[in-house]
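Next comes model_16.pdb, with PDB, C-alpha atoms, pLDDT in the B column.
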```pdb
ATOM      1  CA  MET A   1    -183.950-144.946-116.690  1.00 92.00           C
ATOM      2  CA  MET A   2    -182.902-142.253-114.217  1.00 95.00           C
ATOM      3  CA  ASN A   3    -180.243-142.064-111.566  1.00 95.00           C
ATOM      4  CA  ILE A   4    -181.143-141.018-108.029  1.00 96.00           C
ATOM      5  CA  SER A   5    -180.389-137.322-108.629  1.00 96.00           C
ATOM      6  CA  GLN A   6    -182.664-137.249-111.661  1.00 96.00           C
ATOM      7  CA  ALA A   7    -185.360-139.150-109.771  1.00 96.00           C
ATOM      8  CA  ALA A   8    -185.093-136.685-106.905  1.00 96.00           C
ATOM      9  CA  THR A   9    -185.429-133.698-109.237  1.00 96.00           C
ATOM     10  CA  THR A  10    -188.377-135.294-111.040  1.00 96.00           C
ATOM     11  CA  THR A  11    -190.279-136.201-107.869  1.00 95.00           C
ATOM     12  CA  GLY A  12    -189.324-133.306-105.604  1.00 94.00           C
ATOM     13  CA  LEU A  13    -187.892-135.707-103.045  1.00 96.00           C
ATOM     14  CA  THR A  14    -184.350-135.712-101.773  1.00 97.00           C
ATOM     15  CA  PRO A  15    -182.005-138.574-102.641  1.00 97.00           C
ATOM     16  CA  ARG A  16    -181.845-139.298 -98.924  1.00 97.00           C
ATOM     17  CA  MET A  17    -185.626-139.748 -98.708  1.00 97.00           C
ATOM     18  CA  ILE A  18    -185.639-141.957-101.808  1.00 97.00           C
ATOM     19  CA  ARG A  19    -182.951-144.179-100.248  1.00 96.00           C
ATOM     20  CA  HIS A  20    -184.972-144.232 -97.009  1.00 96.00           C
ATOM     21  CA  TYR A  21    -188.162-145.283 -98.802  1.00 97.00           C
ATOM     22  CA  GLU A  22    -186.227-148.050-100.521  1.00 95.00           C
ATOM     23  CA  LYS A  23    -184.613-149.160 -97.257  1.00 94.00           C
ATOM     24  CA  ILE A  24    -187.950-149.456 -95.419  1.00 95.00           C
ATOM     25  CA  GLY A  25    -189.574-151.290 -98.310  1.00 94.00           C
ATOM     26  CA  LEU A  26    -191.946-148.692 -99.723  1.00 96.00           C
ATOM     27  CA  LEU A  27    -189.994-148.690-102.987  1.00 94.00           C
ATOM     28  CA  ARG A  28    -189.122-152.194-104.101  1.00 88.00           C
ATOM     29  CA  GLY A  29    -187.043-153.719-106.824  1.00 81.00           C
ATOM     30  CA  THR A  30    -184.879-150.721-107.621  1.00 86.00           C
ATOM     31  CA  ARG A  31    -182.445-151.723-110.317  1.00 92.00           C
ATOM     32  CA  ARG A  32    -178.704-151.175-109.923  1.00 92.00           C
ATOM     33  CA  THR A  33    -175.883-150.570-112.326  1.00 90.00           C
ATOM     34  CA  ALA A  34    -172.857-152.864-112.303  1.00 90.00           C
ATOM     35  CA  SER A  35    -171.177-150.345-110.007  1.00 92.00           C
ATOM     36  CA  GLY A  36    -174.136-150.344-107.596  1.00 88.00           C
ATOM     37  CA  TYR A  37    -175.843-147.069-108.533  1.00 92.00           C
ATOM     38  CA  ARG A  38    -179.628-147.051-108.308  1.00 94.00           C
ATOM     39  CA  LEU A  39    -181.673-146.791-111.508  1.00 95.00           C
ATOM     40  CA  PHE A  40    -185.315-145.714-111.539  1.00 96.00           C
ATOM     41  CA  ASP A  41    -187.864-146.420-114.266  1.00 95.00           C
ATOM     42  CA  GLU A  42    -191.211-144.703-114.847  1.00 96.00           C
ATOM     43  CA  GLN A  43    -193.005-147.067-112.458  1.00 95.00           C
ATOM     44  CA  ASP A  44    -190.514-146.226-109.700  1.00 96.00           C
ATOM     45  CA  ILE A  45    -191.072-142.502-110.331  1.00 97.00           C
ATOM     46  CA  HIS A  46    -194.837-143.030-110.242  1.00 97.00           C
ATOM     47  CA  THR A  47    -194.510-144.894-106.934  1.00 97.00           C
ATOM     48  CA  LEU A  48    -192.307-142.151-105.466  1.00 97.00           C
ATOM     49  CA  ARG A  49    -194.849-139.505-106.471  1.00 97.00           C
ATOM     50  CA  PHE A  50    -197.598-141.614-104.869  1.00 97.00           C
ATOM     51  CA  ILE A  51    -195.573-141.790-101.648  1.00 97.00           C
ATOM     52  CA  GLN A  52    -194.891-138.040-101.748  1.00 96.00           C
ATOM     53  CA  ARG A  53    -198.580-137.178-102.222  1.00 96.00           C
ATOM     54  CA  ALA A  54    -199.603-139.539 -99.416  1.00 97.00           C
ATOM     55  CA  ARG A  55    -196.985-137.953 -97.117  1.00 96.00           C
ATOM     56  CA  SER A  56    -198.267-134.476 -98.037  1.00 96.00           C
ATOM     57  CA  LEU A  57    -201.668-135.591 -96.719  1.00 97.00           C
ATOM     58  CA  GLY A  58    -200.052-136.656 -93.455  1.00 96.00           C
ATOM     59  CA  PHE A  59    -200.356-140.415 -93.865  1.00 97.00           C
ATOM     60  CA  SER A  60    -197.879-142.356 -91.742  1.00 96.00           C
ATOM     61  CA  ILE A  61    -195.262-144.613 -93.286  1.00 96.00           C
ATOM     62  CA  GLU A  62    -197.302-147.634 -92.163  1.00 96.00           C
ATOM     63  CA  GLN A  63    -200.455-146.224 -93.738  1.00 97.00           C
ATOM     64  CA  ILE A  64    -198.563-145.451 -96.950  1.00 97.00           C
ATOM     65  CA  GLY A  65    -197.402-149.055 -97.058  1.00 97.00           C
ATOM     66  CA  GLN A  66    -201.022-150.132 -96.778  1.00 97.00           C
ATOM     67  CA  LEU A  67    -202.100-147.656 -99.461  1.00 97.00           C
ATOM     68  CA  LEU A  68    -199.347-148.836-101.801  1.00 97.00           C
ATOM     69  CA  ALA A  69    -200.421-152.447-101.321  1.00 96.00           C
ATOM     70  CA  LEU A  70    -204.030-151.499-102.026  1.00 96.00           C
ATOM     71  CA  TRP A  71    -203.011-149.427-105.070  1.00 96.00           C
ATOM     72  CA  GLN A  72    -201.115-152.373-106.513  1.00 93.00           C
ATOM     73  CA  ASP A  73    -203.903-154.873-105.750  1.00 94.00           C
ATOM     74  CA  ARG A  74    -206.424-154.636-108.583  1.00 91.00           C
ATOM     75  CA  GLU A  75    -208.692-157.115-106.743  1.00 93.00           C
ATOM     76  CA  ARG A  76    -209.125-154.841-103.721  1.00 92.00           C
ATOM     77  CA  SER A  77    -212.317-153.120-102.724  1.00 93.00           C
ATOM     78  CA  SER A  78    -212.420-149.340-102.685  1.00 95.00           C
ATOM     79  CA  ALA A  79    -214.251-149.611 -99.351  1.00 96.00           C
ATOM     80  CA  VAL A  80    -210.983-150.672 -97.715  1.00 95.00           C
ATOM     81  CA  VAL A  81    -209.232-147.590 -99.124  1.00 96.00           C
ATOM     82  CA  LYS A  82    -212.059-145.332 -97.976  1.00 97.00           C
ATOM     83  CA  GLN A  83    -211.933-146.830 -94.484  1.00 97.00           C
ATOM     84  CA  LEU A  84    -208.203-146.106 -94.260  1.00 97.00           C
ATOM     85  CA  ALA A  85    -208.756-142.529 -95.480  1.00 97.00           C
ATOM     86  CA  ARG A  86    -211.589-141.965 -92.983  1.00 98.00           C
ATOM     87  CA  GLN A  87    -209.459-143.326 -90.144  1.00 97.00           C
ATOM     88  CA  HIS A  88    -206.691-140.892 -91.068  1.00 97.00           C
ATOM     89  CA  LEU A  89    -209.219-138.066 -91.338  1.00 97.00           C
ATOM     90  CA  GLN A  90    -210.403-138.814 -87.780  1.00 97.00           C
ATOM     91  CA  GLU A  91    -206.788-138.721 -86.550  1.00 96.00           C
ATOM     92  CA  LEU A  92    -206.285-135.350 -88.245  1.00 96.00           C
ATOM     93  CA  GLU A  93    -209.464-133.974 -86.679  1.00 97.00           C
ATOM     94  CA  GLU A  94    -208.247-135.049 -83.234  1.00 95.00           C
ATOM     95  CA  LYS A  95    -204.883-133.349 -83.819  1.00 94.00           C
ATOM     96  CA  ILE A  96    -206.617-130.186 -85.010  1.00 96.00           C
ATOM     97  CA  ALA A  97    -208.796-130.130 -81.875  1.00 95.00           C
ATOM     98  CA  GLY A  98    -205.699-130.579 -79.722  1.00 92.00           C
ATOM     99  CA  LEU A  99    -203.877-127.764 -81.510  1.00 94.00           C
ATOM    100  CA  GLN A 100    -206.896-125.475 -81.153  1.00 95.00           C
ATOM    101  CA  ALA A 101    -207.004-126.184 -77.407  1.00 92.00           C
ATOM    102  CA  MET A 102    -203.258-125.491 -77.167  1.00 90.00           C
ATOM    103  CA  HIS A 103    -203.736-122.245 -79.060  1.00 93.00           C
ATOM    104  CA  ALA A 104    -206.522-121.136 -76.720  1.00 92.00           C
ATOM    105  CA  SER A 105    -204.438-121.992 -73.638  1.00 89.00           C
ATOM    106  CA  LEU A 106    -201.396-120.149 -74.902  1.00 90.00           C
ATOM    107  CA  ALA A 107    -203.481-117.147 -75.969  1.00 91.00           C
ATOM    108  CA  GLU A 108    -204.963-116.973 -72.478  1.00 89.00           C
ATOM    109  CA  LEU A 109    -201.506-117.185 -70.891  1.00 88.00           C
ATOM    110  CA  ALA A 110    -200.115-114.505 -73.206  1.00 90.00           C
ATOM    111  CA  SER A 111    -203.023-112.172 -72.440  1.00 91.00           C
ATOM    112  CA  CYS A 112    -202.162-112.341 -68.728  1.00 88.00           C
ATOM    113  CA  CYS A 113    -198.606-111.088 -69.255  1.00 89.00           C
ATOM    114  CA  LEU A 114    -197.946-107.348 -69.383  1.00 89.00           C
ATOM    115  CA  GLY A 115    -194.771-107.851 -71.403  1.00 88.00           C
ATOM    116  CA  ASP A 116    -192.994-104.974 -69.682  1.00 90.00           C
ATOM    117  CA  ASP A 117    -189.513-104.592 -68.170  1.00 90.00           C
ATOM    118  CA  ARG A 118    -190.463-106.143 -64.842  1.00 89.00           C
ATOM    119  CA  PRO A 119    -189.320-109.702 -64.070  1.00 90.00           C
ATOM    120  CA  ASP A 120    -192.798-110.857 -63.002  1.00 89.00           C
ATOM    121  CA  CYS A 121    -194.245-113.084 -65.724  1.00 91.00           C
ATOM    122  CA  PRO A 122    -197.594-114.844 -65.337  1.00 87.00           C
ATOM    123  CA  ILE A 123    -196.712-117.160 -68.256  1.00 89.00           C
ATOM    124  CA  LEU A 124    -193.682-118.560 -66.452  1.00 92.00           C
ATOM    125  CA  GLU A 125    -195.577-118.696 -63.166  1.00 89.00           C
ATOM    126  CA  ARG A 126    -198.388-120.754 -64.764  1.00 87.00           C
ATOM    127  CA  LEU A 127    -195.900-123.083 -66.462  1.00 88.00           C
ATOM    128  CA  ALA A 128    -194.171-123.657 -63.118  1.00 90.00           C
ATOM    129  CA  ASP A 129    -197.494-124.079 -61.277  1.00 86.00           C
ATOM    130  CA  ASP A 130    -198.816-127.540 -60.452  1.00 82.00           C
ATOM    131  CA  GLN A 131    -202.311-126.547 -61.560  1.00 78.00           C
ATOM    132  CA  PRO A 132    -203.523-127.662 -64.988  1.00 75.00           C
ATOM    133  CA  LEU A 133    -203.344-125.122 -67.755  1.00 70.00           C
ATOM    134  CA  PRO A 134    -206.554-123.753 -69.262  1.00 61.00           C
ATOM    135  CA  GLY A 135    -207.982-126.376 -71.576  1.00 58.00           C
ATOM    136  CA  GLY A 136    -206.544-129.274 -69.558  1.00 54.00           C
ATOM    137  CA  THR A 137    -203.407-131.260 -70.237  1.00 52.00           C
ATOM    138  CA  LEU A 138    -202.328-130.753 -73.804  1.00 48.00           C
ATOM    139  CA  ARG A 139    -199.751-132.558 -75.889  1.00 53.00           C
ATOM    140  CA  ALA A 140    -198.157-131.487 -79.133  1.00 50.00           C
ATOM    141  CA  ASP A 141    -197.928-134.956 -80.681  1.00 52.00           C
TER     142      ASP A 141
END
```
If you convert what's in this file into structure tokens, what do you get?
Amino acid sequence: MMNISQAATTTGLTPRMIRHYEKIGLLRGTRRTASGYRLFDEQDIHTLRFIQRARSLGFSIEQIGQLLALWQDRERSSAVVKQLARQHLQELEEKIAGLQAMHASLAELASCCLGDDRPDCPILERLADDQPLPGGTLRAD
């Protein structure tokens, strides 16, 4: 059994994130000492590592909950897991395309600015303009 500091060191997560994952239900059944301190067994550590790896791939908390449920369900079909992974892959591809469009727009704006000591700045003028930026309306979410 490990305390939260040991679990954090072992998994690479912070104690705060471990408490958060427990609070939102991703980590269930954490044991407690008589004084209320959390205790983590090997299964808890394995689950925390699973969560950490899923987060490193950009899965949302909701998706991680689904993945955890699928991981723990030995009757599940791998097709369901693959569908969830493909859906996330599509979301990532859309974000990448949006970031590439943002990059192109910003590069175009930066190329228009002389970057000298004068106060005239085409970047600020374009940001203040009502016309759409190159590449259309872009969002960073």
Show me, as lines of an AutoDock Vina configuration file, the centre and edge lengths in Å to one decimal of the axis-aligned box that covers every listed atom of stretch 11-18 of chain A with 5 Å on each side.
```
center_x = -186.1
center_y = -137.6
center_z = -103.3
size_x = 18.4
size_y = 18.7
size_z = 19.2
```
Check your understanding: Which polymer residues have any atom within 12 Å of an atom of stretch 30-38 of chain A, counting only C-alpha atoms, with same-chain residues fewer than 5 positions away left out, as a PyMOL selection string?
Key -> chain A and resi 1-8+15+18-19+21-23+25+43-45+47-48
Review point. Nearest to A:Glu125: which of A:Leu13, A:Cys112, A:Leu84, A:Leu99 is it, counting all atoms listed in the file?
Key: A:Cys112
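Atom CA of A:Arg16 sits 29.3 Å away from atom CA of A:Gln87.
You will find atom CA of A:Gly12 at 8.3 Å from atom CA of A:Gln52.
Here atom CA of A:Ala101 stands at a distance of 22.8 Å from atom CA of A:Gly115.
The nearest approach to A:Trp71 among the residues A:Arg86, A:Arg118, A:His46, A:Arg55, with only C-alpha atoms taken into account, belongs to A:His46.
This file, queried with the PyMOL selection byres ((chain A and resi 106) around 12), gives the residues Leu99, Gln100, Ala101, Met102, His103, Ala104, Ser105, Ala107, Glu108, Leu109, Ala110, Ser111, Cys112, Cys113, Pro122, Ile123, Leu124, Arg126, Leu127, Leu133, Pro134, Gly135, Gly136 and Leu138 of chain A.
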Point to revise | Contact residues around A:Ala85 with all atoms listed in the file at 9 Å, ignoring same-chain residues under 5 positions, as a ChimeraX atom specification | key: /A:59,80,90
Test item: residues at most 10 Å from A:Gly65, only C-alpha atoms, excluding those fewer than 3 positions along its chain, as a PDB file with C-alpha atoms, in the coordinates of the input:
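After the write, selection07.pdb holds the following:
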```
ATOM      1  CA  ILE A  24    -187.950-149.456 -95.419  1.00 95.00           C
ATOM      2  CA  GLY A  25    -189.574-151.290 -98.310  1.00 94.00           C
ATOM      3  CA  LEU A  26    -191.946-148.692 -99.723  1.00 96.00           C
ATOM      4  CA  LEU A  27    -189.994-148.690-102.987  1.00 94.00           C
ATOM      5  CA  ILE A  51    -195.573-141.790-101.648  1.00 97.00           C
ATOM      6  CA  PHE A  59    -200.356-140.415 -93.865  1.00 97.00           C
ATOM      7  CA  SER A  60    -197.879-142.356 -91.742  1.00 96.00           C
ATOM      8  CA  ILE A  61    -195.262-144.613 -93.286  1.00 96.00           C
ATOM      9  CA  GLU A  62    -197.302-147.634 -92.163  1.00 96.00           C
ATOM     10  CA  LEU A  68    -199.347-148.836-101.801  1.00 97.00           C
ATOM     11  CA  ALA A  69    -200.421-152.447-101.321  1.00 96.00           C
ATOM     12  CA  LEU A  70    -204.030-151.499-102.026  1.00 96.00           C
ATOM     13  CA  TRP A  71    -203.011-149.427-105.070  1.00 96.00           C
TER      14      TRP A  71
END
```
